[in-house]
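Text of the file model34.cif, holding mmCIF, C-alpha atoms:
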data_structure
#
loop_
_atom_site.label_atom_id
_atom_site.label_comp_id
_atom_site.auth_asym_id
_atom_site.auth_seq_id
_atom_site.Cartn_x
_atom_site.Cartn_y
_atom_site.Cartn_z
CA MET A 23 -10.24 6.85 -9.15
CA LEU A 24 -6.99 6.35 -7.23
CA PHE A 25 -6.07 2.94 -8.63
CA ASN A 26 -7.16 0.36 -11.17
CA PHE A 27 -8.50 -3.08 -10.43
CA THR A 28 -9.13 -5.74 -13.05
CA ALA A 29 -9.31 -9.49 -13.53
CA ASP A 30 -6.65 -11.18 -15.65
CA ILE A 31 -4.92 -14.52 -16.08
CA ASP A 32 -2.95 -15.77 -13.09
CA VAL A 33 0.52 -16.05 -14.61
CA ASN A 34 1.33 -18.99 -12.31
CA ASP A 35 -1.87 -20.87 -13.17
CA LEU A 36 -3.16 -20.15 -16.66
CA LYS A 37 -6.42 -21.98 -15.95
CA ARG A 38 -7.63 -19.33 -13.53
CA HIS A 39 -8.09 -15.58 -13.28
CA MET A 40 -7.18 -13.34 -10.38
CA GLY A 41 -7.72 -9.73 -9.42
CA TYR A 42 -4.93 -7.24 -10.06
CA PHE A 43 -4.54 -3.94 -8.21
CA THR A 44 -2.56 -1.62 -10.48
CA GLN A 45 -1.61 2.02 -10.54
CA GLY A 46 -3.97 4.71 -11.75
CA GLY A 47 -5.29 8.01 -10.51
CA LEU A 48 -3.54 10.17 -13.11
CA GLY A 49 -4.94 12.34 -15.87
CA LEU A 50 -1.77 12.17 -17.99
CA PRO A 51 -0.85 8.80 -19.51
CA ASP A 52 2.70 8.56 -18.16
CA PRO A 53 3.83 9.20 -14.56
CA ALA A 54 7.10 10.62 -15.91
CA TRP A 55 5.25 13.63 -17.35
CA TYR A 56 4.73 14.93 -13.84
CA THR A 57 8.45 15.20 -13.14
CA ARG A 58 10.14 15.78 -16.52
CA THR A 59 11.30 19.33 -17.20
CA ASP A 60 11.93 19.37 -20.97
CA ALA A 61 10.10 22.01 -23.02
CA GLN A 62 7.78 19.59 -24.82
CA THR A 63 6.59 18.00 -21.57
CA ARG A 64 6.12 21.39 -19.91
CA ALA A 65 4.00 22.51 -22.90
CA ILE A 66 1.77 19.43 -22.57
CA VAL A 67 1.48 19.93 -18.80
CA SER A 68 0.46 23.56 -19.40
CA ARG A 69 -2.27 22.39 -21.82
CA TYR A 70 -3.31 19.81 -19.23
CA HIS A 71 -3.75 22.51 -16.58
CA ALA A 72 -6.05 24.36 -18.99
CA TYR A 73 -8.00 21.13 -19.58
CA ILE A 74 -8.42 20.55 -15.83
CA LYS A 75 -9.87 24.06 -15.54
CA GLN A 76 -12.23 23.43 -18.48
CA ILE A 77 -13.58 20.25 -16.89
CA LEU A 78 -13.88 21.87 -13.47
CA THR A 79 -15.74 24.79 -15.05
CA LEU A 80 -18.18 22.37 -16.67
CA THR A 81 -18.73 20.65 -13.30
CA GLY A 82 -19.84 23.99 -11.83
CA THR A 83 -16.70 25.11 -10.02
CA PRO A 84 -16.96 28.91 -9.48
CA PRO A 85 -14.42 30.95 -11.55
CA GLU A 86 -12.73 32.36 -8.46
CA GLN A 87 -11.98 28.82 -7.25
CA LEU A 88 -10.65 27.40 -10.53
CA ASP A 89 -6.95 28.11 -10.03
CA ALA A 90 -6.89 26.65 -6.53
CA ALA A 91 -9.00 23.62 -7.52
CA ALA A 92 -6.84 22.87 -10.58
CA ALA A 93 -3.68 23.17 -8.46
CA ALA A 94 -5.22 20.80 -5.90
CA VAL A 95 -5.96 18.22 -8.59
CA PHE A 96 -2.46 18.44 -10.08
CA ASP A 97 -0.87 18.24 -6.62
CA ILE A 98 -2.59 14.94 -5.83
CA GLU A 99 -1.74 13.53 -9.26
CA THR A 100 1.91 14.55 -8.86
CA ARG A 101 2.11 12.79 -5.49
CA ILE A 102 0.58 9.66 -7.02
CA ALA A 103 2.96 9.84 -10.00
CA GLN A 104 5.98 10.04 -7.72
CA ALA A 105 5.02 6.71 -6.14
CA SER A 106 4.06 5.08 -9.46
CA ARG A 107 6.33 2.85 -11.49
CA PRO A 108 7.63 3.85 -14.94
CA LEU A 109 5.48 2.52 -17.79
CA ALA A 110 8.42 0.54 -19.21
CA ASP A 111 8.60 -1.46 -15.96
CA LEU A 112 4.95 -2.46 -16.29
CA ARG A 113 5.54 -4.27 -19.59
CA LEU A 114 7.09 -7.21 -17.74
CA PRO A 115 4.45 -9.50 -16.21
CA SER A 116 6.77 -10.23 -13.31
CA ASN A 117 6.56 -6.55 -12.31
CA THR A 118 2.77 -6.60 -12.08
CA TYR A 119 2.34 -9.99 -10.42
CA ALA A 120 2.62 -10.06 -6.64
CA PRO A 121 0.04 -12.31 -4.96
CA VAL A 122 -1.15 -11.30 -1.52
CA ALA A 123 -3.80 -12.79 0.73
CA VAL A 124 -7.03 -10.80 0.79
CA ALA A 125 -7.26 -11.37 4.54
CA ALA A 126 -3.83 -9.76 4.98
CA LEU A 127 -5.00 -6.60 3.19
CA GLY A 128 -7.60 -6.06 5.89
CA LYS A 129 -5.04 -6.43 8.66
CA ASP A 130 -2.35 -4.29 7.01
CA LYS A 131 -2.40 -0.89 8.71
CA GLN A 132 -0.58 0.80 5.84
CA PHE A 133 -3.69 0.28 3.65
CA ARG A 134 -6.36 0.89 6.33
CA LYS A 135 -7.80 4.10 4.82
CA LEU A 136 -8.12 2.46 1.38
CA GLN A 137 -10.41 -0.25 2.82
CA LEU A 138 -9.27 -2.75 0.17
CA THR A 139 -11.07 -5.76 1.65
CA GLN A 140 -14.34 -3.82 1.65
CA PHE A 141 -13.61 -2.71 -1.91
CA LEU A 142 -13.11 -6.33 -2.98
CA ALA A 143 -16.32 -7.40 -1.27
CA ALA A 144 -18.22 -4.64 -3.09
CA GLN A 145 -16.75 -5.91 -6.38
CA GLY A 146 -17.98 -9.42 -5.62
CA VAL A 147 -14.46 -10.84 -5.40
CA THR A 148 -14.46 -14.11 -3.47
CA SER A 149 -10.89 -15.21 -4.21
CA GLU A 150 -8.52 -15.56 -1.28
CA THR A 151 -5.64 -14.06 -3.27
CA VAL A 152 -5.17 -10.93 -5.39
CA SER A 153 -2.12 -9.26 -6.90
CA LEU A 154 -0.79 -5.99 -5.49
CA ALA A 155 2.55 -5.35 -7.14
CA ASN A 156 3.35 -1.85 -5.90
CA PRO A 157 2.64 -1.70 -2.14
CA GLN A 158 4.62 1.55 -1.87
CA LEU A 159 2.08 3.27 -4.14
CA PHE A 160 -0.85 1.97 -2.12
CA ALA A 161 0.84 3.01 1.12
CA GLN A 162 1.26 6.50 -0.37
CA LEU A 163 -2.42 6.58 -1.37
CA ASN A 164 -3.36 5.59 2.16
CA THR A 165 -1.19 8.41 3.55
CA LEU A 166 -2.75 10.94 1.17
CA LEU A 167 -6.24 9.92 2.25
CA ASP A 168 -5.18 10.43 5.85
CA THR A 169 -3.44 13.79 5.43
CA LEU A 170 -5.00 15.85 2.64
CA LYS A 171 -8.01 18.04 3.31
CA PRO A 172 -11.48 17.02 2.10
CA GLU A 173 -11.74 20.10 -0.14
CA GLN A 174 -8.71 18.95 -2.11
CA TRP A 175 -10.21 15.49 -2.54
CA LYS A 176 -13.53 17.00 -3.65
CA ALA A 177 -11.77 18.94 -6.42
CA TYR A 178 -9.81 15.83 -7.46
CA LEU A 179 -12.91 13.62 -7.59
CA ARG A 180 -15.04 16.27 -9.31
CA TYR A 181 -12.41 16.62 -12.03
CA HIS A 182 -11.81 12.90 -12.54
CA VAL A 183 -15.48 11.98 -12.71
CA GLY A 184 -16.05 14.86 -15.14
CA ALA A 185 -13.07 13.88 -17.30
CA ALA A 186 -14.12 10.21 -17.36
CA MET A 187 -17.65 11.09 -18.44
CA ALA A 188 -16.77 13.93 -20.85
CA PRO A 189 -16.83 11.79 -24.05
CA TYR A 190 -20.43 10.78 -23.27
CA LEU A 191 -21.92 14.15 -22.32
CA SER A 192 -23.01 17.28 -24.20
CA ARG A 193 -21.04 19.04 -26.92
CA ALA A 194 -19.06 21.33 -24.57
CA TRP A 195 -17.76 18.31 -22.66
CA ARG A 196 -16.93 16.33 -25.80
CA ASP A 197 -15.15 19.31 -27.37
CA ALA A 198 -13.01 19.84 -24.27
CA ASP A 199 -12.15 16.14 -24.19
CA PHE A 200 -11.23 16.03 -27.87
CA GLN A 201 -9.16 19.22 -27.76
CA PHE A 202 -6.89 17.75 -25.10
CA ARG A 203 -7.07 13.97 -25.33
CA GLY A 204 -7.70 13.79 -29.06
CA GLN A 205 -5.56 16.59 -30.43
CA VAL A 206 -2.82 17.10 -27.83
CA LEU A 207 -2.29 13.52 -26.62
CA ARG A 208 -3.25 11.43 -29.66
CA GLY A 209 -2.51 13.91 -32.47
CA GLU A 210 -5.96 13.56 -34.06
CA THR A 211 -7.12 16.30 -36.39
CA GLN A 212 -10.86 15.87 -36.02
CA PRO A 213 -13.21 13.81 -33.90
CA LEU A 214 -14.94 10.74 -35.27
CA PRO A 215 -18.54 11.26 -36.41
CA ARG A 216 -20.92 11.12 -33.45
CA GLN A 217 -22.38 7.75 -34.41
CA GLN A 218 -18.88 6.22 -34.42
CA GLN A 219 -18.00 7.82 -31.10
#
This structure in structure tokens:
Amino acid sequence: MLFNFTADIDVNDLKRHMGYFTQGGLGLPDPAWYTRTDAQTRAIVSRYHAYIKQILTLTGTPPEQLDAAAAAVFDIETRIAQASRPLADLRLPSNTYAPVAVAALGKDKQFRKLQLTQFLAAQGVTSETVSLANPQLFAQLNTLLDTLKPEQWKAYLRYHVGAAMAPYLSRAWRDADFQFRGQVLRGETQPLPRQQQ
């Protein structure tokens, strides 16, 4: 949930693929939305807070805990966004390509809590090299894991798993997902027929 990991072409050797650690962990599509203060952004962020509460409600969060849980989710996302790179920077392959030795990830204390070498082993990655282009973000994630309370992480994970699965669950989940992601973010007027979804 905190980051993305995918295989893609090694830009220095087009005959092979390599693993890429990239930024993630946000519910809004652009890290800038967490810090911008214009009226349009603030309106979207307000709708996003309501969406977080909807998803948390569907996951079984008690009503009296909703405000605190939603604030906890948004707090973690804001901290991640502050360490994330602007989307425009990610369009250049040179900004997403930074090979590092897998063995070095296990020895690097700034990523210890993330357990990246164990993560790679669980993914079945046997390559000796992966790309990690934003070490500052991963250091921040490691710090967050070390400093934030478990209850805050539980709210964050409950929301993100719920939001990821919402398009595939019952009508209440799909409606909540469409009202925010479909209408607010993508400007759609109605959802696709169920068989096309």
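With only C-alpha atoms taken into account, the protein and nucleic acid residues at most 9 Å from Leu78 in chain A (excluding it and anything under 6 positions from it in its own chain) are A:Pro84, A:Leu88, A:Ala91, A:Ala92, A:Ala177, A:Arg180, A:Tyr181, A:Gly184, A:Ala185.
Considering only C-alpha atoms, the residue among A:Tyr56, A:Phe133, A:Tyr42, A:Phe25 positioned nearest to Glu99 in chain A is A:Tyr56.
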Given all atoms listed in the file as the basis, pick out the residue of A:Pro108, A:Pro115, A:Gly49, A:Gly128 nearest to Ile31 in chain A.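 Of all the options, A:Pro115 lies closest to Ile31 in chain A.
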Counting all atoms listed in the file, I want the residues whose atoms come within 12 Å of (-7.4, -16.1, -5.5) in the file frame, returned as a list of chain:residue names.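 The residues near that point, listed by chain and number, are A:Ala29, A:Asp30, A:Ile31, A:Asp32, A:Asn34, A:Asp35, A:Arg38, A:His39, A:Met40, A:Gly41, A:Tyr42, A:Ala120, A:Pro121, A:Val122, A:Ala123, A:Val124, A:Ala125, A:Leu142, A:Val147, A:Thr148, A:Ser149, A:Glu150, A:Thr151, A:Val152, A:Ser153.
Each of A:Thr83, A:Phe27, A:Lys135, A:Asp60 was checked against Gly47 in chain A using all atoms listed in the file; the smallest atom-to-atom distance is that of A:Phe27.
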Which residues would end up in the selection if the PyMOL selection byres ((chain A and resi 118) around 10) were applied here, given that I need the answer as a PDB file with C-alpha atoms, in the coordinates of the input?
ATOM      1  CA  TYR A  42      -4.930  -7.240 -10.060  1.00  0.00           C
ATOM      2  CA  PHE A  43      -4.540  -3.940  -8.210  1.00  0.00           C
ATOM      3  CA  THR A  44      -2.560  -1.620 -10.480  1.00  0.00           C
ATOM      4  CA  GLN A  45      -1.610   2.020 -10.540  1.00  0.00           C
ATOM      5  CA  ASP A 111       8.600  -1.460 -15.960  1.00  0.00           C
ATOM      6  CA  LEU A 112       4.950  -2.460 -16.290  1.00  0.00           C
ATOM      7  CA  ARG A 113       5.540  -4.270 -19.590  1.00  0.00           C
ATOM      8  CA  LEU A 114       7.090  -7.210 -17.740  1.00  0.00           C
ATOM      9  CA  PRO A 115       4.450  -9.500 -16.210  1.00  0.00           C
ATOM     10  CA  SER A 116       6.770 -10.230 -13.310  1.00  0.00           C
ATOM     11  CA  ASN A 117       6.560  -6.550 -12.310  1.00  0.00           C
ATOM     12  CA  TYR A 119       2.340  -9.990 -10.420  1.00  0.00           C
ATOM     13  CA  ALA A 120       2.620 -10.060  -6.640  1.00  0.00           C
ATOM     14  CA  PRO A 121       0.040 -12.310  -4.960  1.00  0.00           C
ATOM     15  CA  SER A 153      -2.120  -9.260  -6.900  1.00  0.00           C
ATOM     16  CA  LEU A 154      -0.790  -5.990  -5.490  1.00  0.00           C
ATOM     17  CA  ALA A 155       2.550  -5.350  -7.140  1.00  0.00           C
ATOM     18  CA  ASN A 156       3.350  -1.850  -5.900  1.00  0.00           C
TER      19      ASN A 156
END
Just how far from CA of His71 in chain A is CA of Arg58 in chain A, in Å to one decimal?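 Interatomic distance here is 15.4 Å.
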Output of the PyMOL selection byres ((chain A and resi 201) around 12), listed as number ranges by chain: A: 69-70, 72-73, 76-77, 188-189, 193-200, 202-213
Tell me, in Å to one decimal, how far CA of Lys131 in chain A is from CA of Asp168 in chain A. 12.0 Å
